Amino acid sequence: MREKKLFLSSPTMHDKEMGFIQEAFDTNWVAPLGENVTKFEEELASYVGAGFGAALSSGTDAIFLALKLLGVQRGDIVFTTDLTFAATCNPIMYLGAVPVFLDSEEESWNMDPKVLRKAFDKYPKAKAVIVVNLYGTPAKLEEIRNICQEHHTPLIEDGAESLGAIYKGKQTGTFGDIGIFSFNGNKIITSSGGGMLVSDKEEYTKKAVFLATQAREPERHYEHKEVGYNFRMSNIVAGIGRGQLSYLDEHIQRKKGIYERYKQAFDSIWEIEMNPYLKDSKPNFWLSCMTIKEGCNVKPIDIMLALEEKNIESRPIWKPMHLQPVYKNKDFIKVTEKESIGGDIFCRGLCLPSDIKNTEEDMEEIIGVIKGFFS
């Protein structure tokens, strides 16, 4: 086994991050609030083309607050992507609302607009929609937004995995009423944790900041008229995020290179397909993924175990939410009576090592292990 582990997607630090951290120490602004928090909000909002940003302790908290800002309450129906990580839909449950899971379409692996229309036929009074850009690949965001507008239903765009990705010339995270991003340790840029809520409506970000700082009223004493939360990003974490943001474009280019390296290597292997993306989109290629065509004797677990033996990290595709035991009693909507698209992708797919620090020799080794199953 190799001594050096090859990770799926680990943090890549540079030199600017420490400068912002040191400045926070030198000025004694190590607690929540401080210039790094304010600047990170401004700089990220400017990068994606949103009006305003609110820096929070996680992307999950950002989704939770987005739902609250849109008035989601106990018993309300919220449509959301089925093929995603649980952090997308858990906040719906925090509020006592009811998630309804919508199947994917094959072109991008994201929410199928046809399924969204079918969902509105069944639940015309849905309170909100959460669409996910899976693995950094944009969904059909314009079409989904238009459907939501037809039904006067607000849209939350979960861009936790898609920071820097573009759809029809516009940055992801900015198509909905509210967008959210994550800076978890494995994301395309990281602040070690944390998230951001963005919107063109300043009242949303102001209210998010208010709720995230314990809903303290602007009084000399501590006055609270509603329940608040401790969801604010710290000045240290924001400093890391500011430094990372300046390298985002470089990270995207490196991630794209990894995807194209895999695609070229597997082009002659009919059993392998790389995760697709829409022609009018530019993914950030956060994770490169592959599926194995039906009828092949090789299974994703075979490849994952073989890589694991070489101390190389990979992982399964997200298990769809309608297949998760905790959500087994929630409604799931799909177009056909056949197996769900998301369920099929889960069964036949895996996420490949996509760490931008991997060398050409590392990539050759990974590709060699996978090719060995199809020779």
# chains A, B, ... in the order shown; residues from 1 in each chain; ligands from 1

call {"tool": "closest_atom_pairs", "arguments": {"of": "region 138-206 of chain A", "to": "region 121-125 of chain A", "cutoff": "10 Å", "atoms": "only C-alpha atoms", "output": "JSON lines"}}
result
{"residue": "A:His151", "atom": "CA", "partner": "A:Pro124", "partner_atom": "CA", "distance": 7.5}
{"residue": "A:His152", "atom": "CA", "partner": "A:Lys125", "partner_atom": "CA", "distance": 9.4}
{"residue": "A:Thr153", "atom": "CA", "partner": "A:Lys125", "partner_atom": "CA", "distance": 8.3}

call {"tool": "write_last_selection", "arguments": {"atoms": "C-alpha atoms", "output": "CSV table (one decimal), in the first residue's frame"}}
result
chain,number,residue,atom,x,y,z
A,151,HIS,CA,-46.8,28.8,-9.2
A,152,HIS,CA,-45.8,31.9,-7.1
A,153,THR,CA,-43.5,29.6,-5.1

call {"tool": "select_by_dssp", "arguments": {"residues": "region 225-311 of chain A", "states": "alpha helix (DSSP H)", "output": "PyMOL selection string"}}
result
chain A and resi 235-245+248-266+300-309

call {"tool": "write_last_selection", "arguments": {"atoms": "C-alpha atoms", "output": "PDB file, in the first residue's frame"}}
result
ATOM      1  CA  ASN A 235     -13.739  36.323  11.933  1.00  0.00           C
ATOM      2  CA  ILE A 236     -10.972  33.691  11.793  1.00  0.00           C
ATOM      3  CA  VAL A 237     -12.997  31.331   9.614  1.00  0.00           C
ATOM      4  CA  ALA A 238     -13.978  34.230   7.356  1.00  0.00           C
ATOM      5  CA  GLY A 239     -10.302  35.127   6.958  1.00  0.00           C
ATOM      6  CA  ILE A 240      -9.559  31.656   5.615  1.00  0.00           C
ATOM      7  CA  GLY A 241     -12.522  31.992   3.272  1.00  0.00           C
ATOM      8  CA  ARG A 242     -11.301  35.347   1.935  1.00  0.00           C
ATOM      9  CA  GLY A 243      -7.909  33.886   1.146  1.00  0.00           C
ATOM     10  CA  GLN A 244      -9.419  30.820  -0.510  1.00  0.00           C
ATOM     11  CA  LEU A 245     -11.823  32.874  -2.618  1.00  0.00           C
ATOM     12  CA  LEU A 248     -11.322  29.848  -6.674  1.00  0.00           C
ATOM     13  CA  ASP A 249     -10.817  30.279 -10.423  1.00  0.00           C
ATOM     14  CA  GLU A 250      -7.517  28.396 -10.209  1.00  0.00           C
ATOM     15  CA  HIS A 251      -9.197  25.563  -8.287  1.00  0.00           C
ATOM     16  CA  ILE A 252     -11.946  25.331 -10.901  1.00  0.00           C
ATOM     17  CA  GLN A 253      -9.408  25.043 -13.709  1.00  0.00           C
ATOM     18  CA  ARG A 254      -7.549  22.280 -11.877  1.00  0.00           C
ATOM     19  CA  LYS A 255     -10.795  20.420 -11.160  1.00  0.00           C
ATOM     20  CA  LYS A 256     -11.755  20.723 -14.820  1.00  0.00           C
ATOM     21  CA  GLY A 257      -8.383  19.272 -15.778  1.00  0.00           C
ATOM     22  CA  ILE A 258      -8.998  16.257 -13.545  1.00  0.00           C
ATOM     23  CA  TYR A 259     -12.413  15.635 -15.121  1.00  0.00           C
ATOM     24  CA  GLU A 260     -11.009  15.913 -18.638  1.00  0.00           C
ATOM     25  CA  ARG A 261      -8.104  13.603 -17.739  1.00  0.00           C
ATOM     26  CA  TYR A 262     -10.552  10.914 -16.624  1.00  0.00           C
ATOM     27  CA  LYS A 263     -12.815  11.472 -19.628  1.00  0.00           C
ATOM     28  CA  GLN A 264      -9.920  11.115 -22.053  1.00  0.00           C
ATOM     29  CA  ALA A 265      -8.599   8.017 -20.281  1.00  0.00           C
ATOM     30  CA  PHE A 266     -11.971   6.252 -20.305  1.00  0.00           C
ATOM     31  CA  PRO A 300     -18.774   0.348  -8.218  1.00  0.00           C
ATOM     32  CA  ILE A 301     -17.852  -1.358  -4.943  1.00  0.00           C
ATOM     33  CA  ASP A 302     -15.251  -3.448  -6.801  1.00  0.00           C
ATOM     34  CA  ILE A 303     -13.460  -0.306  -7.955  1.00  0.00           C
ATOM     35  CA  MET A 304     -13.793   1.437  -4.591  1.00  0.00           C
ATOM     36  CA  LEU A 305     -12.276  -1.529  -2.748  1.00  0.00           C
ATOM     37  CA  ALA A 306      -9.428  -1.830  -5.257  1.00  0.00           C
ATOM     38  CA  LEU A 307      -8.622   1.872  -4.830  1.00  0.00           C
ATOM     39  CA  GLU A 308      -8.880   1.526  -1.058  1.00  0.00           C
ATOM     40  CA  GLU A 309      -6.251  -1.219  -1.124  1.00  0.00           C
TER      41      GLU A 309
END

call {"tool": "residues_around", "arguments": {"residues": "Ala97 (chain A)", "least_positions_apart": "4", "cutoff": "12 Å", "atoms": "only C-alpha atoms", "output": "PyMOL selection string"}}
result
chain A and resi 64+67-68+71-79+89-93+126-128+330

call {"tool": "residues_around", "arguments": {"residues": "region 35-48 of chain A", "least_positions_apart": "5", "cutoff": "10 Å", "atoms": "only C-alpha atoms", "output": "PyMOL selection string"}}
result
chain A and resi 20-21+23-24+27+29-30+53-56+163-166+170-174+181+196-200+232-243+245-246+248

call {"tool": "write_last_selection", "arguments": {"atoms": "C-alpha atoms", "output": "PDB file, in the first residue's frame"}}
result
ATOM      1  CA  PHE A  20      -6.060  37.451   6.916  1.00  0.00           C
ATOM      2  CA  ILE A  21      -5.872  35.221   9.988  1.00  0.00           C
ATOM      3  CA  GLU A  23      -4.583  40.394  10.804  1.00  0.00           C
ATOM      4  CA  ALA A  24      -7.499  39.151  12.901  1.00  0.00           C
ATOM      5  CA  THR A  27      -6.349  43.451  15.810  1.00  0.00           C
ATOM      6  CA  TRP A  29     -10.887  40.363  16.315  1.00  0.00           C
ATOM      7  CA  VAL A  30     -10.975  36.598  16.799  1.00  0.00           C
ATOM      8  CA  GLY A  53     -24.378  37.992   1.565  1.00  0.00           C
ATOM      9  CA  ALA A  54     -24.631  36.697   5.119  1.00  0.00           C
ATOM     10  CA  ALA A  55     -21.721  34.615   6.446  1.00  0.00           C
ATOM     11  CA  LEU A  56     -22.926  31.736   8.630  1.00  0.00           C
ATOM     12  CA  LEU A 163     -19.579  27.751  -6.164  1.00  0.00           C
ATOM     13  CA  GLY A 164     -18.121  29.236  -9.348  1.00  0.00           C
ATOM     14  CA  ALA A 165     -20.228  27.124 -11.710  1.00  0.00           C
ATOM     15  CA  ILE A 166     -22.119  28.968 -14.458  1.00  0.00           C
ATOM     16  CA  LYS A 170     -24.937  33.432 -14.812  1.00  0.00           C
ATOM     17  CA  GLN A 171     -23.341  32.173 -11.616  1.00  0.00           C
ATOM     18  CA  THR A 172     -25.111  29.420  -9.710  1.00  0.00           C
ATOM     19  CA  GLY A 173     -26.573  30.453  -6.385  1.00  0.00           C
ATOM     20  CA  THR A 174     -28.199  33.504  -7.965  1.00  0.00           C
ATOM     21  CA  PHE A 181     -22.963  27.994  -0.405  1.00  0.00           C
ATOM     22  CA  MET A 196     -23.031  31.788   3.041  1.00  0.00           C
ATOM     23  CA  LEU A 197     -26.574  32.909   2.280  1.00  0.00           C
ATOM     24  CA  VAL A 198     -26.878  35.269  -0.700  1.00  0.00           C
ATOM     25  CA  SER A 199     -29.773  37.195  -2.183  1.00  0.00           C
ATOM     26  CA  ASP A 200     -30.567  40.272  -4.221  1.00  0.00           C
ATOM     27  CA  ARG A 232     -22.700  33.512  12.697  1.00  0.00           C
ATOM     28  CA  MET A 233     -19.343  32.809  11.047  1.00  0.00           C
ATOM     29  CA  SER A 234     -16.253  33.726  13.073  1.00  0.00           C
ATOM     30  CA  ASN A 235     -13.739  36.323  11.933  1.00  0.00           C
ATOM     31  CA  ILE A 236     -10.972  33.691  11.793  1.00  0.00           C
ATOM     32  CA  VAL A 237     -12.997  31.331   9.614  1.00  0.00           C
ATOM     33  CA  ALA A 238     -13.978  34.230   7.356  1.00  0.00           C
ATOM     34  CA  GLY A 239     -10.302  35.127   6.958  1.00  0.00           C
ATOM     35  CA  ILE A 240      -9.559  31.656   5.615  1.00  0.00           C
ATOM     36  CA  GLY A 241     -12.522  31.992   3.272  1.00  0.00           C
ATOM     37  CA  ARG A 242     -11.301  35.347   1.935  1.00  0.00           C
ATOM     38  CA  GLY A 243      -7.909  33.886   1.146  1.00  0.00           C
ATOM     39  CA  LEU A 245     -11.823  32.874  -2.618  1.00  0.00           C
ATOM     40  CA  SER A 246      -8.917  34.540  -4.399  1.00  0.00           C
ATOM     41  CA  LEU A 248     -11.322  29.848  -6.674  1.00  0.00           C
TER      42      LEU A 248
END

call {"tool": "residues_around", "arguments": {"residues": "region 111-118 of chain A", "least_positions_apart": "2", "cutoff": "12 Å", "atoms": "only C-alpha atoms", "output": "number ranges by chain"}}
result
A: 78-84, 100-109, 120-124, 126, 128-134, 137-151, 153, 155, 157-158, 320, 332-336, 340-342

call {"tool": "select_by_dssp", "arguments": {"residues": "region 183-293 of chain A", "states": "strand (DSSP E or B)", "output": "PyMOL selection string"}}
result
chain A and resi 194-199+213+216+224+230+232+234+272-274+281-282+289-292

call {"tool": "atom_distance", "arguments": {"atom1": "CA of Gly59 (chain A)", "atom2": "CA of Phe210 (chain A)"}}
result
16.9 Å

call {"tool": "closest_residue", "arguments": {"among": "A:Pro32, A:Gly372, A:Gly193, A:Pro316", "to": "Ala212 (chain A)", "atoms": "only C-alpha atoms"}}
result
A:Pro32

call {"tool": "closest_residue", "arguments": {"among": "A:Ile345, A:Leu323, A:Leu278, A:Met13", "to": "Tyr167 (chain A)", "atoms": "only C-alpha atoms"}}
result
A:Leu278

call {"tool": "decode", "arguments": {"residues": "region 26-37 of chain A", "atoms": "all heavy atoms", "output": "PDB file, in the first residue's frame"}}
result
ATOM      1  N   ASP A  26      -3.842  40.157  15.156  1.00  0.00           N
ATOM      2  CA  ASP A  26      -3.154  41.415  15.483  1.00  0.00           C
ATOM      3  C   ASP A  26      -4.128  42.481  15.955  1.00  0.00           C
ATOM      4  O   ASP A  26      -3.780  43.332  16.789  1.00  0.00           O
ATOM      5  CB  ASP A  26      -2.386  41.915  14.262  1.00  0.00           C
ATOM      6  CG  ASP A  26      -1.197  41.032  13.910  1.00  0.00           C
ATOM      7  OD1 ASP A  26      -0.781  40.222  14.771  1.00  0.00           O
ATOM      8  OD2 ASP A  26      -0.690  41.140  12.772  1.00  0.00           O
ATOM      9  N   THR A  27      -5.351  42.450  15.417  1.00  0.00           N
ATOM     10  CA  THR A  27      -6.349  43.451  15.810  1.00  0.00           C
ATOM     11  C   THR A  27      -7.263  42.936  16.929  1.00  0.00           C
ATOM     12  O   THR A  27      -8.163  43.647  17.365  1.00  0.00           O
ATOM     13  CB  THR A  27      -7.207  43.850  14.602  1.00  0.00           C
ATOM     14  OG1 THR A  27      -7.836  42.686  14.061  1.00  0.00           O
ATOM     15  CG2 THR A  27      -6.348  44.510  13.528  1.00  0.00           C
ATOM     16  N   ASN A  28      -7.027  41.694  17.356  1.00  0.00           N
ATOM     17  CA  ASN A  28      -7.788  41.054  18.448  1.00  0.00           C
ATOM     18  C   ASN A  28      -9.235  40.768  18.062  1.00  0.00           C
ATOM     19  O   ASN A  28     -10.082  40.557  18.931  1.00  0.00           O
ATOM     20  CB  ASN A  28      -7.743  41.900  19.728  1.00  0.00           C
ATOM     21  CG  ASN A  28      -7.987  41.049  20.971  1.00  0.00           C
ATOM     22  OD1 ASN A  28      -7.542  39.904  21.048  1.00  0.00           O
ATOM     23  ND2 ASN A  28      -8.695  41.605  21.950  1.00  0.00           N
ATOM     24  N   TRP A  29      -9.538  40.707  16.772  1.00  0.00           N
ATOM     25  CA  TRP A  29     -10.887  40.363  16.315  1.00  0.00           C
ATOM     26  C   TRP A  29     -10.922  38.871  15.984  1.00  0.00           C
ATOM     27  O   TRP A  29     -10.917  38.478  14.815  1.00  0.00           O
ATOM     28  CB  TRP A  29     -11.277  41.184  15.096  1.00  0.00           C
ATOM     29  CG  TRP A  29     -11.688  42.594  15.416  1.00  0.00           C
ATOM     30  CD1 TRP A  29     -10.958  43.721  15.235  1.00  0.00           C
ATOM     31  CD2 TRP A  29     -12.927  43.008  15.990  1.00  0.00           C
ATOM     32  NE1 TRP A  29     -11.654  44.819  15.651  1.00  0.00           N
ATOM     33  CE2 TRP A  29     -12.872  44.411  16.124  1.00  0.00           C
ATOM     34  CE3 TRP A  29     -14.087  42.329  16.416  1.00  0.00           C
ATOM     35  CZ2 TRP A  29     -13.925  45.146  16.654  1.00  0.00           C
ATOM     36  CZ3 TRP A  29     -15.128  43.068  16.931  1.00  0.00           C
ATOM     37  CH2 TRP A  29     -15.043  44.452  17.052  1.00  0.00           C
ATOM     38  N   VAL A  30     -10.943  38.049  17.014  1.00  0.00           N
ATOM     39  CA  VAL A  30     -10.975  36.598  16.799  1.00  0.00           C
ATOM     40  C   VAL A  30     -12.370  36.025  17.032  1.00  0.00           C
ATOM     41  O   VAL A  30     -12.643  34.871  16.709  1.00  0.00           O
ATOM     42  CB  VAL A  30      -9.960  35.863  17.711  1.00  0.00           C
ATOM     43  CG1 VAL A  30      -8.549  36.285  17.372  1.00  0.00           C
ATOM     44  CG2 VAL A  30     -10.269  36.113  19.186  1.00  0.00           C
ATOM     45  N   ALA A  31     -13.232  36.827  17.613  1.00  0.00           N
ATOM     46  CA  ALA A  31     -14.604  36.384  17.880  1.00  0.00           C
ATOM     47  C   ALA A  31     -15.466  36.601  16.634  1.00  0.00           C
ATOM     48  O   ALA A  31     -15.011  37.156  15.643  1.00  0.00           O
ATOM     49  CB  ALA A  31     -15.178  37.165  19.068  1.00  0.00           C
ATOM     50  N   PRO A  32     -16.721  36.144  16.686  1.00  0.00           N
ATOM     51  CA  PRO A  32     -17.635  36.482  15.584  1.00  0.00           C
ATOM     52  C   PRO A  32     -17.681  37.988  15.358  1.00  0.00           C
ATOM     53  O   PRO A  32     -17.528  38.762  16.288  1.00  0.00           O
ATOM     54  CB  PRO A  32     -18.971  35.950  16.084  1.00  0.00           C
ATOM     55  CG  PRO A  32     -18.607  34.811  16.966  1.00  0.00           C
ATOM     56  CD  PRO A  32     -17.343  35.245  17.658  1.00  0.00           C
ATOM     57  N   LEU A  33     -17.899  38.358  14.138  1.00  0.00           N
ATOM     58  CA  LEU A  33     -17.838  39.730  13.637  1.00  0.00           C
ATOM     59  C   LEU A  33     -16.381  40.131  13.402  1.00  0.00           C
ATOM     60  O   LEU A  33     -15.449  39.424  13.781  1.00  0.00           O
ATOM     61  CB  LEU A  33     -18.542  40.704  14.581  1.00  0.00           C
ATOM     62  CG  LEU A  33     -20.001  40.370  14.901  1.00  0.00           C
ATOM     63  CD1 LEU A  33     -20.593  41.427  15.822  1.00  0.00           C
ATOM     64  CD2 LEU A  33     -20.834  40.262  13.636  1.00  0.00           C
ATOM     65  N   GLY A  34     -16.200  41.242  12.755  1.00  0.00           N
ATOM     66  CA  GLY A  34     -14.866  41.678  12.382  1.00  0.00           C
ATOM     67  C   GLY A  34     -14.803  41.933  10.893  1.00  0.00           C
ATOM     68  O   GLY A  34     -15.701  41.568  10.121  1.00  0.00           O
ATOM     69  N   GLU A  35     -13.711  42.550  10.458  1.00  0.00           N
ATOM     70  CA  GLU A  35     -13.579  42.961   9.060  1.00  0.00           C
ATOM     71  C   GLU A  35     -13.598  41.779   8.102  1.00  0.00           C
ATOM     72  O   GLU A  35     -14.149  41.882   6.996  1.00  0.00           O
ATOM     73  CB  GLU A  35     -12.288  43.754   8.862  1.00  0.00           C
ATOM     74  CG  GLU A  35     -12.156  44.300   7.447  1.00  0.00           C
ATOM     75  CD  GLU A  35     -10.920  45.161   7.261  1.00  0.00           C
ATOM     76  OE1 GLU A  35     -10.030  45.120   8.129  1.00  0.00           O
ATOM     77  OE2 GLU A  35     -10.845  45.870   6.234  1.00  0.00           O
ATOM     78  N   ASN A  36     -13.016  40.640   8.496  1.00  0.00           N
ATOM     79  CA  ASN A  36     -12.996  39.494   7.597  1.00  0.00           C
ATOM     80  C   ASN A  36     -14.409  39.017   7.260  1.00  0.00           C
ATOM     81  O   ASN A  36     -14.691  38.641   6.120  1.00  0.00           O
ATOM     82  CB  ASN A  36     -12.201  38.336   8.206  1.00  0.00           C
ATOM     83  CG  ASN A  36     -10.702  38.532   8.082  1.00  0.00           C
ATOM     84  OD1 ASN A  36     -10.230  39.213   7.178  1.00  0.00           O
ATOM     85  ND2 ASN A  36      -9.952  37.931   8.989  1.00  0.00           N
ATOM     86  N   VAL A  37     -15.285  39.029   8.262  1.00  0.00           N
ATOM     87  CA  VAL A  37     -16.665  38.596   8.029  1.00  0.00           C
ATOM     88  C   VAL A  37     -17.348  39.527   7.030  1.00  0.00           C
ATOM     89  O   VAL A  37     -17.944  39.096   6.038  1.00  0.00           O
ATOM     90  CB  VAL A  37     -17.467  38.550   9.346  1.00  0.00           C
ATOM     91  CG1 VAL A  37     -18.933  38.225   9.070  1.00  0.00           C
ATOM     92  CG2 VAL A  37     -16.875  37.514  10.298  1.00  0.00           C
TER      93      VAL A  37
END
